[in-house]
$ cat target_37.cif   # mmCIF, C-alpha atoms (C1' of nucleotides)
data_my_file
loop_
_atom_site.label_atom_id
_atom_site.label_comp_id
_atom_site.auth_asym_id
_atom_site.auth_seq_id
_atom_site.Cartn_x
_atom_site.Cartn_y
_atom_site.Cartn_z
CA MET A 1 63.08 4.36 -39.62
CA VAL A 2 61.59 7.39 -37.94
CA SER A 3 60.25 6.96 -34.44
CA ALA A 4 56.60 6.04 -34.40
CA PRO A 5 54.35 8.31 -32.38
CA LEU A 6 54.17 6.93 -28.87
CA SER A 7 50.76 8.34 -28.27
CA ALA A 8 48.31 10.44 -30.20
CA ALA A 9 46.28 13.13 -28.53
CA ARG A 10 43.63 11.21 -26.59
CA PRO A 11 43.89 7.90 -28.44
CA GLU A 12 41.29 5.19 -28.66
CA SER A 13 42.48 3.27 -25.62
CA ASP A 14 42.18 6.34 -23.45
CA SER A 15 38.52 6.81 -24.14
CA LYS A 16 37.96 3.09 -23.54
CA ALA A 17 39.59 3.34 -20.15
CA ARG A 18 37.38 6.28 -19.22
CA LEU A 19 34.33 4.54 -20.57
CA ARG A 20 35.09 1.55 -18.40
CA LEU A 21 35.47 3.82 -15.39
CA TRP A 22 32.12 5.38 -16.15
CA ILE A 23 30.41 2.02 -16.39
CA ARG A 24 31.88 0.87 -13.10
CA LEU A 25 30.94 4.16 -11.47
CA LEU A 26 27.40 3.80 -12.68
CA ARG A 27 27.06 0.21 -11.55
CA ALA A 28 28.46 0.98 -8.13
CA SER A 29 26.00 3.84 -7.77
CA ARG A 30 23.08 1.69 -8.77
CA LEU A 31 24.08 -1.05 -6.39
CA ILE A 32 24.34 1.28 -3.41
CA GLU A 33 21.23 3.20 -4.36
CA GLY A 34 19.29 -0.02 -4.64
CA VAL A 35 20.27 -1.13 -1.16
CA ALA A 36 19.56 2.29 0.32
CA ARG A 37 16.19 2.48 -1.40
CA GLU A 38 15.14 -0.92 -0.17
CA ARG A 39 16.22 -0.37 3.42
CA LEU A 40 14.70 3.10 3.61
CA LYS A 41 11.47 1.51 2.51
CA THR A 42 11.45 -1.43 4.86
CA GLN A 43 13.05 0.17 7.92
CA PHE A 44 11.70 3.72 7.72
CA ASP A 45 8.85 3.62 5.24
CA ALA A 46 10.66 6.36 3.32
CA THR A 47 11.87 6.79 -0.23
CA LEU A 48 15.28 7.77 -1.55
CA PRO A 49 14.14 11.05 -3.15
CA ARG A 50 12.55 12.12 0.13
CA PHE A 51 15.74 11.22 1.96
CA ASP A 52 17.79 13.24 -0.51
CA VAL A 53 15.64 16.35 -0.09
CA MET A 54 15.71 16.03 3.68
CA ALA A 55 19.49 15.61 3.59
CA ALA A 56 19.81 18.83 1.63
CA LEU A 57 17.59 20.68 4.09
CA TYR A 58 19.30 19.22 7.15
CA ARG A 59 22.49 21.09 6.27
CA LYS A 60 20.64 24.40 6.12
CA PRO A 61 18.55 24.99 9.23
CA ASP A 62 17.56 28.42 7.96
CA GLY A 63 15.88 26.94 4.92
CA MET A 64 16.47 26.66 1.19
CA LEU A 65 14.72 27.92 -1.91
CA MET A 66 13.16 25.34 -4.19
CA SER A 67 15.74 26.22 -6.82
CA GLU A 68 18.58 25.73 -4.36
CA ILE A 69 17.34 22.25 -3.55
CA SER A 70 17.01 21.24 -7.17
CA ARG A 71 20.43 22.63 -8.05
CA PHE A 72 22.06 20.90 -5.10
CA LEU A 73 20.48 17.55 -5.89
CA MET A 74 20.96 18.00 -9.64
CA VAL A 75 17.35 17.24 -10.43
CA SER A 76 14.81 19.29 -12.31
CA ASN A 77 12.82 22.05 -10.71
CA GLY A 78 9.42 20.52 -11.18
CA ASN A 79 10.62 17.34 -9.57
CA VAL A 80 11.28 18.95 -6.22
CA THR A 81 7.81 20.48 -6.11
CA GLY A 82 6.11 17.11 -5.86
CA ILE A 83 8.52 15.68 -3.33
CA VAL A 84 8.28 18.72 -1.07
CA ASP A 85 4.50 18.64 -1.39
CA ARG A 86 4.44 15.12 -0.01
CA LEU A 87 6.95 15.93 2.73
CA VAL A 88 4.81 18.90 3.75
CA SER A 89 1.67 16.81 3.91
CA ASP A 90 3.56 14.36 6.12
CA GLY A 91 4.56 17.18 8.44
CA LEU A 92 8.28 16.72 7.88
CA VAL A 93 8.88 19.99 6.06
CA VAL A 94 7.38 23.49 5.99
CA ARG A 95 7.28 26.29 3.45
CA ALA A 96 7.84 29.64 5.14
CA GLN A 97 6.81 32.80 3.34
CA ARG A 98 9.52 35.32 2.68
CA ASN A 99 8.53 38.84 3.50
CA GLY A 100 10.37 40.43 0.62
CA ASP A 101 9.60 38.11 -2.29
CA ARG A 102 6.27 36.45 -2.83
CA ARG A 103 7.57 34.21 -5.60
CA THR A 104 9.73 32.25 -3.22
CA SER A 105 9.56 30.55 0.14
CA PHE A 106 12.11 29.04 2.43
CA ILE A 107 11.75 25.30 2.76
CA SER A 108 12.96 23.80 6.01
CA LEU A 109 12.62 20.70 8.12
CA THR A 110 10.17 20.68 10.98
CA ARG A 111 11.28 19.43 14.37
CA LYS A 112 9.69 16.12 13.43
CA GLY A 113 11.52 16.17 10.11
CA ARG A 114 14.88 16.82 11.73
CA SER A 115 14.60 13.98 14.17
CA ALA A 116 13.26 11.61 11.52
CA PHE A 117 16.16 12.48 9.26
CA ALA A 118 18.78 12.17 11.99
CA GLU A 119 17.68 8.63 12.57
CA MET A 120 17.72 7.72 8.90
CA ALA A 121 21.07 9.42 8.33
CA ALA A 122 22.78 7.37 11.02
CA ALA A 123 21.46 4.16 9.50
CA HIS A 124 22.36 5.34 6.02
CA GLU A 125 25.94 6.06 7.03
CA SER A 126 26.30 2.58 8.45
CA TRP A 127 24.87 1.01 5.30
CA VAL A 128 27.40 2.85 3.17
CA ASP A 129 30.19 1.87 5.52
CA GLU A 130 29.03 -1.72 5.26
CA LEU A 131 28.75 -1.66 1.46
CA LEU A 132 32.03 0.13 0.91
CA GLY A 133 33.77 -1.75 3.69
CA GLY A 134 36.02 -3.42 1.14
CA VAL A 135 37.45 -0.06 0.16
CA SER A 136 40.24 1.04 2.46
CA VAL A 137 39.98 4.48 4.00
CA ARG A 138 43.08 5.51 2.11
CA ASP A 139 41.58 4.43 -1.21
CA ALA A 140 38.30 6.09 -0.33
CA GLU A 141 40.05 9.38 0.36
CA GLN A 142 42.09 9.14 -2.82
CA MET A 143 39.07 8.45 -4.97
CA SER A 144 37.06 11.17 -3.29
CA ALA A 145 39.75 13.67 -4.09
CA LYS A 146 39.91 12.65 -7.73
CA LEU A 147 36.17 12.71 -8.14
CA LYS A 148 36.00 16.11 -6.51
CA SER A 149 38.53 17.65 -8.85
CA PHE A 150 36.83 16.09 -11.84
CA ARG A 151 33.55 17.57 -10.80
CA SER A 152 34.96 21.01 -10.21
CA ASP A 153 36.06 21.14 -13.82
CA TRP A 154 32.47 20.74 -14.90
CA GLU A 155 30.52 22.75 -12.44
CA GLY A 156 32.59 25.84 -11.83
CA GLU A 157 34.05 24.75 -8.49
CA ALA A 158 31.88 23.42 -5.72
CA MET B 1 47.59 7.71 32.13
CA VAL B 2 47.00 4.67 30.01
CA SER B 3 47.48 5.01 26.28
CA ALA B 4 44.32 6.00 24.45
CA PRO B 5 43.16 3.64 21.74
CA LEU B 6 44.60 4.78 18.44
CA SER B 7 41.80 3.32 16.41
CA ALA B 8 38.77 1.19 17.09
CA ALA B 9 37.49 -1.40 14.66
CA ARG B 10 35.93 0.68 11.90
CA PRO B 11 35.92 3.96 13.81
CA GLU B 12 33.74 6.97 13.15
CA SER B 13 36.19 8.65 10.78
CA ASP B 14 36.30 5.59 8.56
CA SER B 15 32.59 5.60 7.90
CA LYS B 16 32.78 9.34 7.25
CA ALA B 17 35.45 8.81 4.61
CA ARG B 18 33.35 6.16 2.90
CA LEU B 19 30.26 8.31 3.15
CA ARG B 20 32.11 11.13 1.45
CA LEU B 21 33.23 8.76 -1.29
CA TRP B 22 29.65 7.67 -1.79
CA ILE B 23 28.41 11.24 -2.08
CA ARG B 24 31.10 12.11 -4.61
CA LEU B 25 30.38 8.94 -6.56
CA LEU B 26 26.71 9.78 -6.65
CA ARG B 27 27.25 13.36 -7.74
CA ALA B 28 29.66 12.34 -10.47
CA SER B 29 27.13 9.82 -11.75
CA ARG B 30 24.34 12.35 -11.78
CA LEU B 31 26.46 14.87 -13.59
CA ILE B 32 27.47 12.48 -16.35
CA GLU B 33 23.99 11.00 -16.60
CA GLY B 34 22.51 14.45 -16.95
CA VAL B 35 24.79 15.34 -19.84
CA ALA B 36 24.21 11.99 -21.54
CA ARG B 37 20.45 12.28 -21.13
CA GLU B 38 20.34 15.76 -22.56
CA ARG B 39 22.53 14.96 -25.56
CA LEU B 40 20.74 11.70 -26.34
CA LYS B 41 17.54 13.71 -26.38
CA THR B 42 18.71 16.58 -28.56
CA GLN B 43 21.06 14.71 -30.89
CA PHE B 44 19.30 11.35 -31.23
CA ASP B 45 15.80 11.88 -29.91
CA ALA B 46 16.48 8.98 -27.52
CA THR B 47 16.34 8.47 -23.78
CA LEU B 48 18.90 7.10 -21.38
CA PRO B 49 16.88 4.00 -20.37
CA ARG B 50 16.40 3.09 -24.02
CA PHE B 51 20.12 3.56 -24.60
CA ASP B 52 20.89 1.32 -21.63
CA VAL B 53 18.66 -1.47 -22.85
CA MET B 54 20.06 -1.26 -26.35
CA ALA B 55 23.60 -1.32 -24.94
CA ALA B 56 22.81 -4.52 -23.08
CA LEU B 57 21.36 -6.12 -26.21
CA TYR B 58 24.20 -4.97 -28.44
CA ARG B 59 26.63 -7.23 -26.58
CA LYS B 60 24.42 -10.26 -27.16
CA PRO B 61 23.49 -10.64 -30.82
CA ASP B 62 21.67 -13.89 -30.05
CA GLY B 63 19.26 -12.14 -27.75
CA MET B 64 18.55 -11.86 -24.05
CA LEU B 65 15.71 -12.84 -21.77
CA MET B 66 13.78 -10.04 -20.08
CA SER B 67 15.15 -11.19 -16.74
CA GLU B 68 18.71 -11.11 -18.07
CA ILE B 69 18.26 -7.52 -19.16
CA SER B 70 16.83 -6.40 -15.85
CA ARG B 71 19.52 -8.20 -13.87
CA PHE B 72 22.28 -6.73 -16.03
CA LEU B 73 20.94 -3.21 -15.75
CA MET B 74 20.03 -3.62 -12.09
CA VAL B 75 16.50 -2.39 -12.56
CA SER B 76 13.21 -4.06 -11.76
CA ASN B 77 11.53 -6.57 -14.01
CA GLY B 78 8.43 -4.56 -14.69
CA ASN B 79 10.53 -1.62 -15.70
CA VAL B 80 12.11 -3.39 -18.64
CA THR B 81 8.74 -4.46 -19.99
CA GLY B 82 7.69 -0.89 -20.76
CA ILE B 83 10.99 0.14 -22.25
CA VAL B 84 11.16 -2.89 -24.51
CA ASP B 85 7.53 -2.33 -25.53
CA ARG B 86 8.42 1.13 -26.76
CA LEU B 87 11.58 -0.04 -28.49
CA VAL B 88 9.58 -2.72 -30.26
CA SER B 89 6.96 -0.26 -31.45
CA ASP B 90 9.79 1.87 -32.82
CA GLY B 91 11.18 -1.10 -34.71
CA LEU B 92 14.50 -1.10 -32.87
CA VAL B 93 14.01 -4.38 -31.06
CA VAL B 94 12.15 -7.66 -31.58
CA ARG B 95 10.82 -10.38 -29.32
CA ALA B 96 11.51 -13.81 -30.78
CA GLN B 97 9.54 -16.81 -29.55
CA ARG B 98 11.52 -19.62 -28.03
CA ASN B 99 10.49 -23.07 -29.12
CA GLY B 100 11.09 -24.72 -25.77
CA ASP B 101 9.59 -22.29 -23.29
CA ARG B 102 6.52 -20.21 -23.99
CA ARG B 103 6.96 -18.07 -20.91
CA THR B 104 10.04 -16.45 -22.32
CA SER B 105 11.26 -14.82 -25.49
CA PHE B 106 14.61 -13.69 -26.75
CA ILE B 107 14.86 -9.95 -27.09
CA SER B 108 17.29 -8.68 -29.68
CA LEU B 109 18.12 -5.59 -31.69
CA THR B 110 16.84 -5.31 -35.22
CA ARG B 111 19.21 -4.29 -38.00
CA LYS B 112 17.82 -0.79 -37.59
CA GLY B 113 18.36 -1.00 -33.85
CA ARG B 114 21.95 -2.13 -34.22
CA SER B 115 22.92 0.70 -36.52
CA ALA B 116 21.05 3.27 -34.44
CA PHE B 117 22.86 2.08 -31.33
CA ALA B 118 26.28 2.00 -32.98
CA GLU B 119 25.92 5.67 -33.82
CA MET B 120 24.81 6.62 -30.34
CA ALA B 121 27.48 4.52 -28.69
CA ALA B 122 30.27 6.26 -30.55
CA ALA B 123 28.93 9.65 -29.52
CA HIS B 124 28.40 8.44 -25.98
CA GLU B 125 31.97 7.25 -25.69
CA SER B 126 33.26 10.62 -26.81
CA TRP B 127 31.04 12.44 -24.31
CA VAL B 128 32.39 10.34 -21.47
CA ASP B 129 35.94 10.91 -22.68
CA GLU B 130 35.23 14.61 -22.75
CA LEU B 131 33.63 14.69 -19.30
CA LEU B 132 36.26 12.49 -17.65
CA GLY B 133 39.08 14.06 -19.62
CA GLY B 134 40.51 15.49 -16.42
CA VAL B 135 41.04 11.98 -15.07
CA SER B 136 44.29 10.48 -16.27
CA VAL B 137 44.15 7.08 -17.89
CA ARG B 138 46.24 5.71 -15.05
CA ASP B 139 43.81 7.03 -12.45
CA ALA B 140 40.87 5.79 -14.46
CA GLU B 141 42.29 2.29 -14.55
CA GLN B 142 43.10 2.35 -10.85
CA MET B 143 39.64 3.49 -9.89
CA SER B 144 38.01 1.00 -12.23
CA ALA B 145 39.90 -1.81 -10.59
CA LYS B 146 38.90 -0.73 -7.11
CA LEU B 147 35.26 -0.30 -8.04
CA LYS B 148 35.25 -3.68 -9.70
CA SER B 149 36.57 -5.49 -6.68
CA PHE B 150 34.15 -3.65 -4.44
CA ARG B 151 31.26 -4.72 -6.59
CA SER B 152 32.36 -8.33 -6.72
CA ASP B 153 32.09 -8.51 -2.96
CA TRP B 154 28.44 -7.63 -3.20
CA GLU B 155 27.26 -9.45 -6.24
CA GLY B 156 29.04 -12.77 -6.15
CA GLU B 157 31.60 -11.94 -8.78
CA ALA B 158 30.64 -10.37 -12.09
"C1'" DT C 1 4.23 55.27 -14.13
"C1'" DC C 2 4.50 51.57 -17.35
"C1'" DC C 3 6.81 48.16 -19.81
"C1'" DT C 4 9.95 44.55 -20.57
"C1'" DA C 5 12.88 41.10 -19.11
"C1'" DA C 6 14.36 38.11 -15.72
"C1'" DA C 7 13.64 35.08 -11.81
"C1'" DC C 8 11.12 31.60 -9.44
"C1'" DC C 9 7.89 28.29 -9.04
"C1'" DT C 10 4.14 25.11 -10.50
"C1'" DT C 11 1.69 22.49 -13.83
"C1'" DT C 12 1.50 19.22 -17.42
"C1'" DA C 13 2.33 15.17 -20.40
"C1'" DA C 14 5.07 11.42 -21.25
"C1'" DA C 15 8.29 8.31 -19.74
"C1'" DC C 16 10.55 5.84 -16.17
"C1'" DT C 17 10.76 3.21 -11.73
"C1'" DT C 18 9.68 0.21 -8.00
"C1'" DG C 19 7.43 -3.47 -5.51
"C1'" DA C 20 3.64 -6.30 -5.27
"C1'" DA C 21 0.03 -8.87 -7.30
"C1'" DA C 22 -1.66 -11.43 -11.10
"C1'" DT C 23 -0.95 -14.43 -15.07
"C1'" DA C 24 1.05 -17.96 -17.67
"C1'" DT C 25 4.05 -21.66 -18.20
"C1'" DC C 26 7.08 -25.25 -16.97
"C1'" DT C 27 9.09 -29.06 -14.01
"C1'" DG C 28 9.08 -32.77 -11.04
"C1'" DC C 29 6.66 -35.94 -8.44
"C1'" DC C 30 3.07 -38.99 -7.66
"C1'" DG D 1 -2.35 -37.79 -16.40
"C1'" DG D 2 -2.64 -34.35 -12.74
"C1'" DC D 3 -1.08 -31.37 -9.26
"C1'" DA D 4 2.13 -28.54 -6.37
"C1'" DG D 5 5.76 -25.58 -6.53
"C1'" DA D 6 9.02 -23.01 -9.13
"C1'" DT D 7 10.00 -19.80 -12.86
"C1'" DA D 8 9.25 -15.85 -16.19
"C1'" DT D 9 6.82 -12.17 -17.37
"C1'" DT D 10 3.23 -8.69 -17.35
"C1'" DT D 11 0.07 -5.70 -15.02
"C1'" DC D 12 -0.91 -2.28 -11.72
"C1'" DA D 13 -0.76 1.68 -8.47
"C1'" DA D 14 2.00 5.04 -6.54
"C1'" DG D 15 5.78 7.78 -6.93
"C1'" DT D 16 9.69 9.90 -9.39
"C1'" DT D 17 11.67 12.31 -13.32
"C1'" DT D 18 12.32 15.34 -17.20
"C1'" DA D 19 11.46 19.06 -20.40
"C1'" DA D 20 8.44 22.37 -21.77
"C1'" DA D 21 4.82 25.50 -21.01
"C1'" DG D 22 2.38 28.61 -17.96
"C1'" DG D 23 1.79 31.74 -14.08
"C1'" DT D 24 3.20 35.15 -10.80
"C1'" DT D 25 6.32 38.39 -8.99
"C1'" DT D 26 10.24 41.29 -9.04
"C1'" DA D 27 13.66 44.46 -10.97
"C1'" DG D 28 15.23 47.83 -13.95
"C1'" DG D 29 14.83 51.03 -17.08
"C1'" DA D 30 12.30 54.69 -20.31
#
$ encode --input "target_37.cif" --output "structure tokens"
Amino acid sequence: MVSAPLSAARPESDSKARLRLWIRLLRASRLIEGVARERLKTQFDATLPRFDVMAALYRKPDGMLMSEISRFLMVSNGNVTGIVDRLVSDGLVVRAQRNGDRRTSFISLTRKGRSAFAEMAAAHESWVDELLGGVSVRDAEQMSAKLKSFRSDWEGEA
Amino acid sequence: MVSAPLSAARPESDSKARLRLWIRLLRASRLIEGVARERLKTQFDATLPRFDVMAALYRKPDGMLMSEISRFLMVSNGNVTGIVDRLVSDGLVVRAQRNGDRRTSFISLTRKGRSAFAEMAAAHESWVDELLGGVSVRDAEQMSAKLKSFRSDWEGEA
DNA sequence: TCCTAAACCTTTAAACTTGAAATATCTGCC
DNA sequence: GGCAGATATTTCAAGTTTAAAGGTTTAGGA
């Protein structure tokens, strides 16, 4: 009897294992997002999309282009327009004209926006720490590393 | 000089590690969701929320209550109403009256819905396998297990 | 200069999403 | 029976989201 193949190239069970990982990933994301959304609402009268845009801007005090924000957050271009509009009307964000290029403007947090975000970010970090408290730091670091390398394969490094 | 504390209870760096995990988790989810959404659209003229609802129903041939669907998918009640409405008008899903309780109905896939979903599910599994191909099966199983136990802590088992 | 293509952003329509309010029904207790 | 409270769903307004279409501006030739 000839030896049976021990494993085919990417057999059925492999894709099932990855599918299961994906489902768990998705459910974990939804769970955490749900908690963050609810607490942002009740404790800061803010929404998750606004928080996300402000988080992107917080890292770049000099400002970002609309397209940079949408690429960073992995959402569509038109989406960011509406969110920034509302943030501007709330005085948390400004659009600064660029001298060279009239198509674009640099979006950045106002002083008010920065301090509002700093407060929310501290709370947000503690919520995540609370929710993921059951994951050891070692496991968290391991998983982070694996997720990072996975993502690099699909986005041309990051 | 007295010895400095080596680590406080849940020190700063711990929450940073978990925060990083959360960000990576979120970005991985968005990446995969984006690909799935785009391919469902172009290859099946379907949307991700419809796919999700059909996936929930596919596991339960006898039908599900609206509230069961929304709990399973972790979305709001009102949300499911609209999605099911559209699936019904496309003939993919039916609402069956329950004899005992007139508040509720059992939602289930039609024959057409089942075969449409089976096709999409096969494609979906291969997309996930493709996207997560860089994650070894061993790593996938490890991460799944850790995400599962994390989730159980927050949802009263699952 | 003028033209074409590319880049960047906004607008639009349709769908999705939430949270709260409204509606309908059921259950248990008098 | 009749009513209060609980349960299940839908409706509603506001906001988010996408993909596609439209508008403006810039850049790079001919």
$ closest_residue --input "target_37.cif" --among "B:Arg24, B:Arg98, B:Arg103, B:Lys41" --to "chain D" --atoms "only C-alpha atoms (C1' of nucleotides)"
B:Arg103
$ closest_residue --input "target_37.cif" --among "A:Leu131, A:Met64, A:Val75, A:Val88" --to "chain D" --atoms "only C-alpha atoms (C1' of nucleotides)"
A:Val75
$ resolve_selection --input "target_37.cif" --expression "the PyMOL selection byres ((chain C) within 10 of (chain A))" --output "list in words"
DA7, DC8, DC9, DT10, DT11, DT18 and DG19 of chain C
$ interface_residues --input "target_37.cif" --of "chain D" --to "chain A" --cutoff "9 Å" --atoms "only C-alpha atoms (C1' of nucleotides)" --output "ChimeraX atom specification"
/D:16-19,24-26
$ residues_around --input "target_37.cif" --residues "Asp139 in chain A" --least-positions-apart "6" --cutoff "10 Å" --atoms "all atoms listed in the file" --output "PyMOL selection string"
(chain A and resi 145) or (chain B and resi 17-18+21+142-143+146)
$ atom_distance --input "target_37.cif" --atom1 "CA of Asp90 in chain B" --atom2 "CA of Phe117 in chain B"
13.2 Å
$ resolve_selection --input "target_37.cif" --expression "the PyMOL selection byres ((chain A) within 6 of (chain B))" --output "JSON, numbers by chain"
{"A": [14, 15, 18, 21, 129, 134, 137, 140, 144, 150]}
$ atom_distance --input "target_37.cif" --atom1 "CA of Pro61 in chain A" --atom2 "CA of Ala36 in chain A"
24.4 Å
$ residues_around --input "target_37.cif" --residues "DG2 in chain D" --least-positions-apart "3" --cutoff "12 Å" --atoms "all atoms listed in the file" --output "list in words"
DG28, DC29 and DC30 of chain C
$ atom_distance --input "target_37.cif" --atom1 "CA of Met54 in chain B" --atom2 "C1' of DG15 in chain D"
25.7 Å
$ closest_residue --input "target_37.cif" --among "C:DA6, C:DA21, C:DC26, C:DC16" --to "DA6 in chain D" --atoms "only C-alpha atoms (C1' of nucleotides)"
C:DC26
$ resolve_selection --input "target_37.cif" --expression "the PyMOL selection byres ((chain A and resi 93) around 12)" --output "number ranges by chain"
A: 50-51, 53-58, 61, 63-64, 83-92, 94-96, 106-117
$ write_last_selection --input "target_37.cif" --atoms "C-alpha atoms" --output "compact mmCIF listing (two decimals), in the frame of the given file"
# COMPACT_ATOMS: atom_id res chain seq x y z
CA ARG A 50 12.55 12.12 0.13
CA PHE A 51 15.74 11.22 1.96
CA VAL A 53 15.64 16.35 -0.09
CA MET A 54 15.71 16.03 3.68
CA ALA A 55 19.49 15.61 3.59
CA ALA A 56 19.81 18.83 1.63
CA LEU A 57 17.59 20.68 4.09
CA TYR A 58 19.30 19.22 7.15
CA PRO A 61 18.55 24.99 9.23
CA GLY A 63 15.88 26.94 4.92
CA MET A 64 16.47 26.66 1.19
CA ILE A 83 8.52 15.68 -3.33
CA VAL A 84 8.28 18.72 -1.07
CA ASP A 85 4.50 18.64 -1.39
CA ARG A 86 4.44 15.12 -0.01
CA LEU A 87 6.95 15.93 2.73
CA VAL A 88 4.81 18.90 3.75
CA SER A 89 1.67 16.81 3.91
CA ASP A 90 3.56 14.36 6.12
CA GLY A 91 4.56 17.18 8.44
CA LEU A 92 8.28 16.72 7.88
CA VAL A 94 7.38 23.49 5.99
CA ARG A 95 7.28 26.29 3.45
CA ALA A 96 7.84 29.64 5.14
CA PHE A 106 12.11 29.04 2.43
CA ILE A 107 11.75 25.30 2.76
CA SER A 108 12.96 23.80 6.01
CA LEU A 109 12.62 20.70 8.12
CA THR A 110 10.17 20.68 10.98
CA ARG A 111 11.28 19.43 14.37
CA LYS A 112 9.69 16.12 13.43
CA GLY A 113 11.52 16.17 10.11
CA ARG A 114 14.88 16.82 11.73
CA SER A 115 14.60 13.98 14.17
CA ALA A 116 13.26 11.61 11.52
CA PHE A 117 16.16 12.48 9.26
$ residues_around --input "target_37.cif" --residues "DA22 in chain C" --least-positions-apart "2" --cutoff "10 Å" --atoms "all atoms listed in the file" --output "PyMOL selection string"
(chain C and resi 20+24) or (chain D and resi 10-12)
$ build_atoms --input "target_37.cif" --residues "range 106-122 of chain A" --atoms "N, CA and C atoms" --output "CSV table (one decimal), in the coordinates of the input"
chain,number,residue,atom,x,y,z
A,106,PHE,N,11.0,29.8,1.9
A,106,PHE,CA,12.1,29.0,2.4
A,106,PHE,C,11.5,27.7,2.9
A,107,ILE,N,12.1,26.6,2.4
A,107,ILE,CA,11.8,25.3,2.8
A,107,ILE,C,12.7,24.9,3.9
A,108,SER,N,12.1,24.3,4.9
A,108,SER,CA,13.0,23.8,6.0
A,108,SER,C,12.3,22.6,6.7
A,109,LEU,N,13.1,21.9,7.4
A,109,LEU,CA,12.6,20.7,8.1
A,109,LEU,C,11.9,21.2,9.4
A,110,THR,N,10.8,20.5,9.7
A,110,THR,CA,10.2,20.7,11.0
A,110,THR,C,11.0,19.9,12.0
A,111,ARG,N,10.6,20.2,13.3
A,111,ARG,CA,11.3,19.4,14.4
A,111,ARG,C,11.1,17.9,14.1
A,112,LYS,N,9.9,17.5,13.8
A,112,LYS,CA,9.7,16.1,13.4
A,112,LYS,C,10.6,15.7,12.3
A,113,GLY,N,10.7,16.5,11.3
A,113,GLY,CA,11.5,16.2,10.1
A,113,GLY,C,13.0,16.0,10.5
A,114,ARG,N,13.5,16.9,11.3
A,114,ARG,CA,14.9,16.8,11.7
A,114,ARG,C,15.2,15.5,12.5
A,115,SER,N,14.3,15.2,13.4
A,115,SER,CA,14.6,14.0,14.2
A,115,SER,C,14.4,12.7,13.3
A,116,ALA,N,13.4,12.8,12.4
A,116,ALA,CA,13.3,11.6,11.5
A,116,ALA,C,14.5,11.5,10.6
A,117,PHE,N,15.0,12.6,10.1
A,117,PHE,CA,16.2,12.5,9.3
A,117,PHE,C,17.4,12.0,10.0
A,118,ALA,N,17.6,12.5,11.2
A,118,ALA,CA,18.8,12.2,12.0
A,118,ALA,C,18.9,10.7,12.2
A,119,GLU,N,17.7,10.1,12.4
A,119,GLU,CA,17.7,8.6,12.6
A,119,GLU,C,18.1,7.9,11.3
A,120,MET,N,17.4,8.4,10.2
A,120,MET,CA,17.7,7.7,8.9
A,120,MET,C,19.2,7.9,8.5
A,121,ALA,N,19.7,9.1,8.8
A,121,ALA,CA,21.1,9.4,8.3
A,121,ALA,C,22.1,8.5,9.0
A,122,ALA,N,21.9,8.2,10.3
A,122,ALA,CA,22.8,7.4,11.0
A,122,ALA,C,22.8,6.0,10.4
